[in-house]
$ cat run.cif   # mmCIF, C-alpha atoms
data_entry
#
loop_
_atom_site.label_atom_id
_atom_site.label_comp_id
_atom_site.auth_asym_id
_atom_site.auth_seq_id
_atom_site.Cartn_x
_atom_site.Cartn_y
_atom_site.Cartn_z
CA MET A 1 0.00 0.00 0.00
CA LYS A 2 2.77 2.40 0.91
CA ARG A 3 4.70 1.53 -2.23
CA LEU A 4 1.55 2.15 -4.24
CA LEU A 5 1.24 5.56 -2.62
CA ALA A 6 4.87 6.31 -3.42
CA VAL A 7 4.35 5.36 -7.06
CA PHE A 8 1.22 7.52 -7.22
CA CYS A 9 3.06 10.53 -5.79
CA THR A 10 5.94 10.05 -8.20
CA LEU A 11 3.52 10.00 -11.12
CA ILE A 12 1.98 13.24 -9.94
CA VAL A 13 5.40 14.85 -9.80
CA ALA A 14 6.18 13.57 -13.26
CA ALA A 15 2.93 15.08 -14.57
CA ARG A 16 4.51 18.54 -14.06
CA LEU A 17 1.52 20.76 -13.69
CA PRO A 18 1.55 23.78 -15.99
CA ALA A 19 2.42 27.09 -14.39
CA TRP A 20 -0.42 29.53 -14.15
CA ALA A 21 0.47 33.16 -13.75
CA GLY A 22 -2.87 34.57 -12.71
CA SER A 23 -3.43 38.24 -11.85
CA GLU A 24 -1.40 39.04 -8.78
CA GLN A 25 -1.03 42.56 -7.48
CA ASN A 26 2.13 42.36 -5.41
CA ARG A 27 5.16 40.61 -6.83
CA GLN A 28 8.89 41.00 -6.24
CA ALA A 29 10.81 43.04 -8.80
CA GLN A 30 12.99 41.09 -11.23
CA PHE A 31 14.63 44.25 -12.60
CA GLU A 32 16.20 47.37 -11.10
CA PRO A 33 13.54 49.85 -9.94
CA GLN A 34 14.80 52.61 -12.22
CA GLN A 35 14.74 50.23 -15.18
CA ILE A 36 11.11 49.38 -14.46
CA ALA A 37 10.18 53.03 -13.98
CA THR A 38 11.85 54.04 -17.24
CA PHE A 39 10.08 51.28 -19.16
CA ALA A 40 6.72 52.11 -17.59
CA LYS A 41 7.10 55.77 -18.51
CA GLN A 42 8.08 54.76 -22.04
CA VAL A 43 4.84 52.79 -22.40
CA GLU A 44 2.87 55.74 -21.07
CA GLN A 45 4.53 58.16 -23.45
CA TYR A 46 3.97 55.87 -26.41
CA ALA A 47 0.26 55.54 -25.74
CA ALA A 48 -0.04 59.25 -25.08
CA GLY A 49 1.80 59.96 -28.31
CA GLN A 50 -0.88 57.98 -30.10
CA GLY A 51 -3.57 60.07 -28.45
CA ALA A 52 -4.97 57.12 -26.49
CA HIS A 53 -7.56 58.07 -23.88
CA ALA A 54 -8.01 54.38 -23.15
CA PHE A 55 -6.03 51.33 -24.20
CA ILE A 56 -5.69 47.70 -23.27
CA ILE A 57 -2.37 46.94 -21.60
CA ALA A 58 -0.71 43.60 -20.83
CA ARG A 59 2.37 42.31 -19.07
CA VAL A 60 4.49 39.14 -18.91
CA GLY A 61 4.34 37.73 -15.39
CA ARG A 62 5.99 34.33 -15.98
CA PRO A 63 8.99 33.11 -17.99
CA ALA A 64 7.85 32.41 -21.53
CA GLU A 65 8.96 28.79 -21.35
CA ASP A 66 6.58 28.21 -18.43
CA LEU A 67 3.48 29.39 -20.25
CA PRO A 68 1.03 27.24 -22.20
CA GLU A 69 1.30 27.36 -25.96
CA GLY A 70 -0.39 30.36 -27.51
CA ILE A 71 -0.21 32.51 -24.38
CA ARG A 72 2.36 35.30 -24.22
CA PHE A 73 0.92 37.75 -21.71
CA THR A 74 -0.29 36.79 -18.26
CA HIS A 75 -2.26 39.83 -17.06
CA THR A 76 -4.45 42.30 -18.96
CA ALA A 77 -6.07 45.55 -17.87
CA ILE A 78 -7.43 48.84 -19.20
CA ALA A 79 -5.35 52.01 -18.95
CA VAL A 80 -7.24 55.31 -18.87
CA TYR A 81 -5.72 58.72 -19.48
CA SER A 82 -6.47 60.55 -16.26
CA MET A 83 -5.87 63.52 -14.07
CA ILE A 84 -4.12 61.98 -11.10
CA GLU A 85 -4.16 63.80 -7.81
CA THR A 86 -1.20 62.85 -5.66
CA ALA A 87 -1.02 62.53 -1.90
CA SER A 88 0.51 66.03 -1.81
CA GLY A 89 -2.40 67.50 -3.76
CA GLU A 90 -0.58 67.94 -7.04
CA LYS A 91 -2.58 67.15 -10.19
CA LEU A 92 -0.65 65.27 -12.87
CA PRO A 93 -1.66 63.89 -16.28
CA GLY A 94 -0.96 60.21 -16.82
CA TYR A 95 -2.47 56.77 -17.10
CA ALA A 96 -4.39 55.03 -14.34
CA ILE A 97 -4.67 51.29 -14.87
CA HIS A 98 -7.91 49.52 -13.99
CA ASN A 99 -7.11 45.94 -12.98
CA LEU A 100 -8.81 42.79 -11.82
CA TYR A 101 -6.41 41.31 -9.24
CA GLN A 102 -6.62 38.18 -7.15
CA TYR A 103 -6.61 38.46 -3.37
CA ALA A 104 -3.19 37.33 -2.16
CA ASP A 105 -4.63 35.17 0.62
CA SER A 106 -7.64 33.93 -1.37
CA PRO A 107 -6.57 33.48 -5.01
CA GLU A 108 -9.98 32.10 -5.93
CA ARG A 109 -11.40 35.59 -5.28
CA SER A 110 -10.64 38.86 -7.08
CA LYS A 111 -11.06 42.59 -6.64
CA LEU A 112 -10.83 45.67 -8.86
CA VAL A 113 -7.76 47.79 -8.19
CA ILE A 114 -6.41 50.97 -9.77
CA ASP A 115 -2.66 51.26 -10.02
CA TYR A 116 -0.15 53.02 -12.26
CA PRO A 117 2.30 51.85 -14.93
CA VAL A 118 5.28 51.36 -12.61
CA ASP A 119 3.11 49.29 -10.26
CA PHE A 120 1.71 47.31 -13.17
CA PHE A 121 5.15 46.34 -14.49
CA TRP A 122 6.86 46.00 -11.10
CA GLY A 123 7.12 42.20 -10.90
CA VAL A 124 7.30 41.29 -14.60
CA GLN A 125 9.57 38.60 -15.97
CA SER A 126 10.19 40.49 -19.19
CA LEU A 127 10.19 44.22 -19.92
CA GLU A 128 7.74 44.09 -22.74
CA ALA A 129 4.23 45.45 -22.95
CA GLY A 130 1.19 44.49 -24.91
CA ILE A 131 -0.67 47.57 -26.15
CA ILE A 132 -4.01 47.56 -27.98
CA ILE A 133 -5.40 50.99 -28.79
CA PRO A 134 -9.09 50.86 -29.72
CA LYS A 135 -10.57 53.25 -32.26
CA PRO A 136 -11.38 56.67 -30.70
CA ALA A 137 -15.12 56.11 -30.53
CA LEU A 138 -14.63 52.86 -28.59
CA GLN A 139 -12.08 54.53 -26.32
CA LYS A 140 -14.62 57.18 -25.43
CA ARG A 141 -17.29 54.59 -24.62
CA LEU A 142 -14.82 52.66 -22.47
CA VAL A 143 -13.91 55.75 -20.51
CA ASN A 144 -17.57 56.60 -19.95
CA LEU A 145 -18.24 53.04 -18.83
CA ILE A 146 -15.45 53.04 -16.27
CA ALA A 147 -16.28 56.53 -15.06
CA SER A 148 -19.88 55.45 -14.47
CA GLY A 149 -18.77 52.52 -12.32
CA ALA A 150 -20.11 49.91 -14.73
CA ASN A 151 -16.81 48.03 -14.45
CA GLN A 152 -17.80 47.28 -10.85
CA GLN A 153 -21.20 46.00 -11.98
CA LEU A 154 -19.54 43.71 -14.51
CA HIS A 155 -17.06 42.27 -12.02
CA ASN A 156 -17.49 38.67 -10.89
CA PRO A 157 -15.24 38.05 -7.87
CA SER A 158 -15.19 34.28 -8.38
CA TYR A 159 -11.83 33.80 -10.05
CA SER A 160 -10.34 31.13 -12.29
CA VAL A 161 -7.15 31.68 -14.22
CA ILE A 162 -8.65 29.75 -17.16
CA ALA A 163 -12.19 31.12 -16.86
CA ASN A 164 -14.61 30.32 -19.66
CA PRO A 165 -15.35 33.71 -21.30
CA PHE A 166 -18.75 32.52 -22.48
CA ASP A 167 -20.40 31.97 -19.12
CA LEU A 168 -20.90 33.72 -15.79
CA THR A 169 -19.38 31.15 -13.43
CA TYR A 170 -15.86 32.50 -13.06
CA GLN A 171 -14.00 35.52 -14.38
CA ASN A 172 -10.35 36.36 -14.96
CA CYS A 173 -8.70 39.63 -15.94
CA THR A 174 -9.01 39.06 -19.69
CA GLU A 175 -12.66 38.02 -19.51
CA HIS A 176 -13.40 41.13 -17.44
CA THR A 177 -11.62 43.23 -20.08
CA LEU A 178 -13.62 41.53 -22.83
CA ASP A 179 -16.85 42.14 -20.91
CA LEU A 180 -16.04 45.83 -20.61
CA LEU A 181 -15.20 46.07 -24.29
CA ASN A 182 -18.43 44.38 -25.29
CA ALA A 183 -20.42 46.50 -22.85
CA ALA A 184 -18.92 49.54 -24.57
CA ILE A 185 -19.49 48.14 -28.07
CA TYR A 186 -23.06 46.96 -27.54
CA GLN A 187 -23.99 49.69 -25.06
CA THR A 188 -25.43 47.20 -22.60
CA GLU A 189 -24.52 45.87 -19.16
CA ASP A 190 -26.84 42.88 -19.50
CA ARG A 191 -24.36 40.13 -18.68
CA GLY A 192 -26.38 37.42 -20.35
CA GLN A 193 -26.46 39.42 -23.56
CA LEU A 194 -22.75 40.13 -23.32
CA LYS A 195 -22.03 36.41 -23.04
CA ALA A 196 -24.29 35.61 -25.98
CA ASN A 197 -22.55 38.22 -28.11
CA ALA A 198 -19.11 36.97 -27.08
CA LYS A 199 -20.05 33.42 -27.95
CA ALA A 200 -21.24 34.56 -31.36
CA HIS A 201 -18.29 36.72 -32.30
CA PHE A 202 -15.23 36.11 -30.09
CA GLN A 203 -12.67 33.34 -30.56
CA PRO A 204 -10.94 32.32 -27.31
CA GLN A 205 -7.57 30.60 -26.94
CA ALA A 206 -7.64 26.84 -26.50
CA VAL A 207 -5.56 25.90 -23.47
CA ALA A 208 -2.84 23.48 -24.58
CA ALA A 209 -2.67 21.23 -21.55
CA SER A 210 -4.07 17.75 -21.08
CA ARG A 211 -7.42 17.43 -19.38
CA PHE A 212 -5.71 15.29 -16.73
CA LYS A 213 -3.25 18.05 -15.85
CA LEU A 214 -6.00 20.63 -15.76
CA MET A 215 -8.11 18.44 -13.52
CA LEU A 216 -5.16 17.89 -11.22
CA GLY A 217 -4.61 21.62 -11.18
CA SER A 218 -8.22 22.25 -10.22
CA TRP A 219 -7.83 19.84 -7.28
CA LEU A 220 -4.67 21.42 -5.97
CA MET A 221 -4.82 25.11 -6.89
CA ALA A 222 -7.57 27.33 -5.58
CA ASP A 223 -7.57 29.57 -8.65
CA VAL A 224 -7.76 26.85 -11.32
CA GLU A 225 -11.24 25.60 -12.22
CA THR A 226 -12.42 23.38 -15.03
CA SER A 227 -16.07 22.95 -14.03
CA ASP A 228 -17.10 25.86 -16.28
CA HIS A 229 -15.75 24.19 -19.41
CA GLY A 230 -17.05 21.53 -21.76
CA ASP A 231 -14.84 19.16 -23.69
CA GLN A 232 -12.51 21.95 -24.83
CA VAL A 233 -10.93 24.28 -22.30
CA ALA A 234 -10.54 27.74 -23.81
CA THR A 235 -10.07 31.17 -22.29
CA ALA A 236 -9.76 34.81 -23.31
CA THR A 237 -6.24 36.15 -23.72
CA PHE A 238 -4.70 39.51 -24.58
CA SER A 239 -3.87 38.25 -28.07
CA THR A 240 -7.38 36.94 -28.74
CA ILE A 241 -8.80 40.28 -27.61
CA GLY A 242 -6.44 41.97 -30.05
CA GLN A 243 -7.53 39.62 -32.82
CA TYR A 244 -11.19 40.32 -31.98
CA LEU A 245 -10.83 44.08 -32.20
CA LEU A 246 -8.71 43.93 -35.34
CA ASP A 247 -11.10 41.52 -37.07
CA TYR A 248 -14.03 43.88 -36.55
CA GLY A 249 -12.13 47.08 -37.36
CA LEU A 250 -12.26 48.36 -33.78
CA ALA A 251 -8.55 48.67 -33.07
CA GLN A 252 -6.37 51.60 -34.06
CA GLN A 253 -3.31 49.43 -33.46
CA ALA A 254 -2.14 46.35 -31.55
CA VAL A 255 1.57 46.13 -30.76
CA ILE A 256 4.20 44.72 -28.46
CA MET A 257 6.67 47.24 -27.07
CA THR A 258 10.16 46.15 -26.06
CA GLU A 259 12.46 47.59 -23.41
CA GLN A 260 14.35 49.36 -26.19
CA GLY A 261 11.20 51.21 -27.17
CA THR A 262 10.63 49.42 -30.46
CA THR A 263 7.23 48.08 -31.40
CA GLN A 264 6.12 45.16 -33.49
CA PRO A 265 2.63 44.03 -34.49
CA LEU A 266 1.03 41.92 -31.79
CA LEU A 267 -0.27 39.19 -34.03
CA ASP A 268 2.85 38.67 -36.13
CA ALA A 269 5.10 38.38 -33.09
CA PRO A 270 6.50 34.88 -32.59
CA LEU A 271 6.24 33.45 -29.11
CA ILE A 272 9.65 33.38 -27.43
CA MET B 273 12.63 1.26 3.36
CA LYS B 274 9.01 1.46 2.29
CA SER B 275 8.38 4.38 4.62
CA LEU B 276 11.46 6.12 3.25
CA ASN B 277 10.18 5.71 -0.34
CA THR B 278 6.88 7.22 0.66
CA LEU B 279 8.52 10.08 2.49
CA ILE B 280 10.79 10.94 -0.45
CA ALA B 281 7.97 10.80 -2.97
CA THR B 282 5.67 12.92 -0.82
CA THR B 283 8.41 15.50 -0.25
CA LEU B 284 9.08 15.73 -3.98
CA MET B 285 5.39 16.14 -4.65
CA ILE B 286 5.01 18.96 -2.16
CA ALA B 287 8.08 20.71 -3.55
CA ALA B 288 6.82 20.43 -7.13
CA PHE B 289 3.40 21.81 -6.32
CA SER B 290 4.85 24.66 -4.32
CA ALA B 291 7.00 25.73 -7.25
CA THR B 292 4.11 25.90 -9.68
CA ALA B 293 1.15 26.79 -7.51
CA ASN B 294 2.55 29.93 -5.91
CA ASP B 295 4.70 32.29 -7.94
CA SER B 296 3.87 35.44 -6.01
CA GLY B 297 7.20 35.07 -4.21
CA GLN B 298 8.28 37.50 -1.51
CA ASN B 299 5.96 40.44 -1.42
CA LEU B 300 7.37 43.93 -1.60
CA SER B 301 5.03 46.36 0.12
CA GLU B 302 3.84 49.35 -1.84
CA GLY B 303 5.53 51.58 0.74
CA SER B 304 8.91 49.91 0.13
CA LYS B 305 8.43 50.29 -3.62
CA HIS B 306 7.91 54.02 -3.23
CA SER B 307 11.08 54.25 -1.14
CA VAL B 308 13.33 52.37 -3.56
CA LEU B 309 11.93 54.33 -6.50
CA ALA B 310 12.53 57.63 -4.73
CA ALA B 311 16.07 56.58 -3.82
CA GLY B 312 16.76 55.53 -7.40
CA HIS B 313 15.45 58.75 -8.87
CA SER B 314 17.51 60.81 -6.45
CA ALA B 315 20.66 58.92 -7.35
CA VAL B 316 20.38 59.58 -11.08
CA GLY B 317 18.94 63.06 -10.78
CA GLY B 318 15.80 62.02 -12.57
CA SER B 319 12.14 62.81 -12.13
CA GLN B 320 10.47 62.65 -8.76
CA VAL B 321 8.22 59.95 -7.49
CA ALA B 322 4.67 60.73 -6.43
CA SER B 323 1.97 58.74 -4.70
CA GLY B 324 -1.22 58.68 -6.72
CA ALA B 325 -4.33 59.00 -4.59
CA VAL B 326 -7.24 59.73 -6.93
CA ALA B 327 -7.45 59.30 -10.69
CA VAL B 328 -10.21 60.87 -12.77
CA PRO B 329 -10.46 60.15 -16.50
CA MET B 330 -9.34 63.27 -18.30
CA LEU B 331 -12.43 63.17 -20.49
CA MET B 332 -14.47 63.62 -17.31
CA VAL B 333 -12.47 66.55 -16.00
CA GLY B 334 -14.43 69.74 -16.23
CA GLY B 335 -12.86 73.16 -16.29
CA VAL B 336 -9.33 73.84 -17.41
CA GLY B 337 -8.56 75.39 -14.06
CA GLN B 338 -8.37 71.95 -12.51
CA LEU B 339 -5.54 70.83 -14.74
CA SER B 340 -1.90 71.03 -13.81
CA LYS B 341 -0.04 73.82 -15.56
CA THR B 342 1.99 71.15 -17.30
CA VAL B 343 -1.10 70.12 -19.26
CA GLY B 344 -1.85 73.55 -20.56
CA ASN B 345 -5.17 75.16 -21.23
CA GLU B 346 -6.40 73.00 -24.08
CA MET B 347 -8.06 69.59 -23.85
CA VAL B 348 -6.44 67.60 -26.61
CA GLY B 349 -7.83 64.45 -28.09
CA PHE B 350 -11.31 64.05 -29.42
CA ALA B 351 -12.17 67.69 -30.01
CA SER B 352 -10.59 67.72 -33.45
CA GLY B 353 -11.91 64.25 -34.34
CA GLN B 354 -8.38 62.94 -34.84
CA PRO B 355 -6.18 61.49 -32.10
CA GLN B 356 -3.76 64.11 -30.89
CA PRO B 357 -0.71 63.48 -28.71
CA LEU B 358 -1.47 63.79 -25.03
CA PRO B 359 0.87 65.23 -22.39
CA VAL B 360 1.95 63.00 -19.51
CA SER B 361 3.85 63.94 -16.42
CA ASP B 362 7.56 63.14 -16.19
CA LYS B 363 6.99 62.04 -12.60
CA THR B 364 6.70 58.38 -11.71
CA ILE B 365 3.36 57.86 -10.02
CA THR B 366 2.84 54.85 -7.79
CA ALA B 367 -0.18 53.67 -5.85
CA ASP B 368 -0.21 54.51 -2.16
CA ALA B 369 0.51 51.70 0.27
CA ALA B 370 -2.42 50.10 2.04
CA PRO B 371 -2.92 51.64 5.50
CA ASN B 372 -1.65 48.56 7.35
CA MET B 373 1.48 48.39 5.16
CA THR B 374 2.16 52.09 5.72
CA MET B 375 2.00 51.65 9.49
CA LEU B 376 4.55 48.80 9.32
CA GLU B 377 7.21 51.28 8.22
CA GLU B 378 7.18 53.08 11.61
#
$ encode --input "run.cif" --output "structure tokens"
Amino acid sequence: MKRLLAVFCTLIVAARLPAWAGSEQNRQAQFEPQQIATFAKQVEQYAAGQGAHAFIIARVGRPAEDLPEGIRFTHTAIAVYSMIETASGEKLPGYAIHNLYQYADSPERSKLVIDYPVDFFWGVQSLEAGIIIPKPALQKRLVNLIASGANQQLHNPSYSVIANPFDLTYQNCTEHTLDLLNAAIYQTEDRGQLKANAKAHFQPQAVAASRFKLMLGSWLMADVETSDHGDQVATATFSTIGQYLLDYGLAQQAVIMTEQGTTQPLLDAPLI
Amino acid sequence: MKSLNTLIATTLMIAAFSATANDSGQNLSEGSKHSVLAAGHSAVGGSQVASGAVAVPMLMVGGVGQLSKTVGNEMVGFASGQPQPLPVSDKTITADAAPNMTMLEE
């Protein structure tokens, strides 16, 4: 019996569960603080140079080799050009980033948090940014939506890192971003209607991991769920959101920015 | 011997799951982040660091008097129908620490 248990445990180890990055707020810096701050400001200045009042921003929170196939970015949010009042009362123009983050002590639950570019990129594994700038009319609707507090209404605090974007059971950062985009596009906050529209027009990313591994993950990790999926596990990603907006002519541009400040098209970029 | 096999296998399993299940690592409080950023900026003579408290979408801001003088007196962007470059502060803005994390620094 004990030998059988040992064999079982060894098999589990050999299964090598995939690494899930999730949406964590506080992570240790992997780069020098000034390097992160310079990169964050570069991203801000690029978006501002394009006249973006709202854009979708993404970061790389795990080493590329640890991520499932087809997934490059691990956390997605919406950046809004804002007047930011500091603790000292000064008013500064810049981008405030509207995130869905997991609770550190309860990763199966999430909250909406506003932070700023240096916070957003603080714990990244790679100094590169995903940037999708919607067309101006969609930007304006997004800003109005967030300003009205509708992002709170569209938030589901039950979190799964591989949430099914077509139902209401769980929600991750990319599904929340997709919901906000569709709420802006279709001018509705009816969640059922948003899901129906997404199912009709949005193509998620199939998760390239065996069902066994995913099931094991759901047993052992609080923020991994498979109960909201059918035969195929698929989730929204930054790249699939970019594809969605480009396909329907709703994106001004979708790029990846490097630490050197160069940009390349999001959808032509090879995975590292 | 059998117990040792079980112990080794169980230990390996726990180690493997720990490596993949939790990659949040050692947390750096928001207050510490502000401090290291401020120290870094001072060392290179760069821009200052500021703690952001409230953010209002610029499209919602009413009255040019509320804007910092660095923005100027004209709301750029959608007025002309074409995207226009927007000014951003040179300062690095970071989110304030949570109240309990701020108190830990004393």
$ resolve_selection --input "run.cif" --expression "the PyMOL selection byres ((chain A) within 6 of (chain B))" --output "PyMOL selection string"
chain A and resi 6+9-10+13+19+26-28+33-34+48-51+81-87+91-94+115-116
$ write_last_selection --input "run.cif" --atoms "C-alpha atoms" --output "compact mmCIF listing (two decimals), in the frame of the given file"
# COMPACT_ATOMS: atom_id res chain seq x y z
CA ALA A 6 4.87 6.31 -3.42
CA CYS A 9 3.06 10.53 -5.79
CA THR A 10 5.94 10.05 -8.20
CA VAL A 13 5.40 14.85 -9.80
CA ALA A 19 2.42 27.09 -14.39
CA ASN A 26 2.13 42.36 -5.41
CA ARG A 27 5.16 40.61 -6.83
CA GLN A 28 8.89 41.00 -6.24
CA PRO A 33 13.54 49.85 -9.94
CA GLN A 34 14.80 52.61 -12.22
CA ALA A 48 -0.04 59.25 -25.08
CA GLY A 49 1.80 59.96 -28.31
CA GLN A 50 -0.88 57.98 -30.10
CA GLY A 51 -3.57 60.07 -28.45
CA TYR A 81 -5.72 58.72 -19.48
CA SER A 82 -6.47 60.55 -16.26
CA MET A 83 -5.87 63.52 -14.07
CA ILE A 84 -4.12 61.98 -11.10
CA GLU A 85 -4.16 63.80 -7.81
CA THR A 86 -1.20 62.85 -5.66
CA ALA A 87 -1.02 62.53 -1.90
CA LYS A 91 -2.58 67.15 -10.19
CA LEU A 92 -0.65 65.27 -12.87
CA PRO A 93 -1.66 63.89 -16.28
CA GLY A 94 -0.96 60.21 -16.82
CA ASP A 115 -2.66 51.26 -10.02
CA TYR A 116 -0.15 53.02 -12.26
$ atom_distance --input "run.cif" --atom1 "CA of Glu90 (chain A)" --atom2 "CA of Phe120 (chain A)"
21.6 Å
$ resolve_selection --input "run.cif" --expression "the PyMOL selection byres ((chain A and resi 255) around 12)" --output "number ranges by chain"
A: 43, 46-47, 55-58, 128-134, 238-239, 242-243, 246, 251-254, 256-258, 261-269
$ axis_aligned_box --input "run.cif" --around "region 143-150 of chain A" --padding-each-side "6 Å" --output "JSON"
{"center_x": -17.0, "center_y": 53.3, "center_z": -16.4, "size_x": 18.2, "size_y": 18.7, "size_z": 20.2}
$ closest_residue --input "run.cif" --among "A:Ala208, A:Ala77, A:Met221, A:Leu127" --to "Glu175 (chain A)" --atoms "all atoms listed in the file"
A:Ala77
$ atom_distance --input "run.cif" --atom1 "CA of Arg109 (chain A)" --atom2 "CA of Ser160 (chain A)"
8.4 Å
$ atom_distance --input "run.cif" --atom1 "CA of Tyr95 (chain A)" --atom2 "CA of Leu145 (chain A)"
16.3 Å
$ residues_around --input "run.cif" --residues "Thr74 (chain A)" --least-positions-apart "3" --cutoff "8 Å" --atoms "only C-alpha atoms" --output "list in words"
Ala21, Gly22, Ser23, Ala58, Arg59, Val60, Gly61, Arg62 and Ile71 of chain A
$ write_last_selection --input "run.cif" --atoms "C-alpha atoms" --output "short mmCIF file (atom, residue, chain, number, x, y, z; two decimals), in the frame of the given file"
data_model
loop_
_atom_site.label_atom_id
_atom_site.label_comp_id
_atom_site.auth_asym_id
_atom_site.auth_seq_id
_atom_site.Cartn_x
_atom_site.Cartn_y
_atom_site.Cartn_z
CA ALA A 21 0.47 33.16 -13.75
CA GLY A 22 -2.87 34.57 -12.71
CA SER A 23 -3.43 38.24 -11.85
CA ALA A 58 -0.71 43.60 -20.83
CA ARG A 59 2.37 42.31 -19.07
CA VAL A 60 4.49 39.14 -18.91
CA GLY A 61 4.34 37.73 -15.39
CA ARG A 62 5.99 34.33 -15.98
CA ILE A 71 -0.21 32.51 -24.38
#
$ residues_around --input "run.cif" --residues "Pro204 (chain A)" --least-positions-apart "5" --cutoff "12 Å" --atoms "all atoms listed in the file" --output "number ranges by chain"
A: 70-71, 162-166, 174-175, 178, 198-199, 232-244
$ residues_around --input "run.cif" --residues "Ile36 (chain A)" --least-positions-apart "3" --cutoff "7 Å" --atoms "only C-alpha atoms" --output "MDAnalysis selection string"
chainID A and resid 31:33 39:40 118 121:122
$ residues_around --input "run.cif" --residues "Leu181 (chain A)" --least-positions-apart "5" --cutoff "9 Å" --atoms "all atoms listed in the file" --output "PyMOL selection string"
chain A and resi 138+141-142+176+186
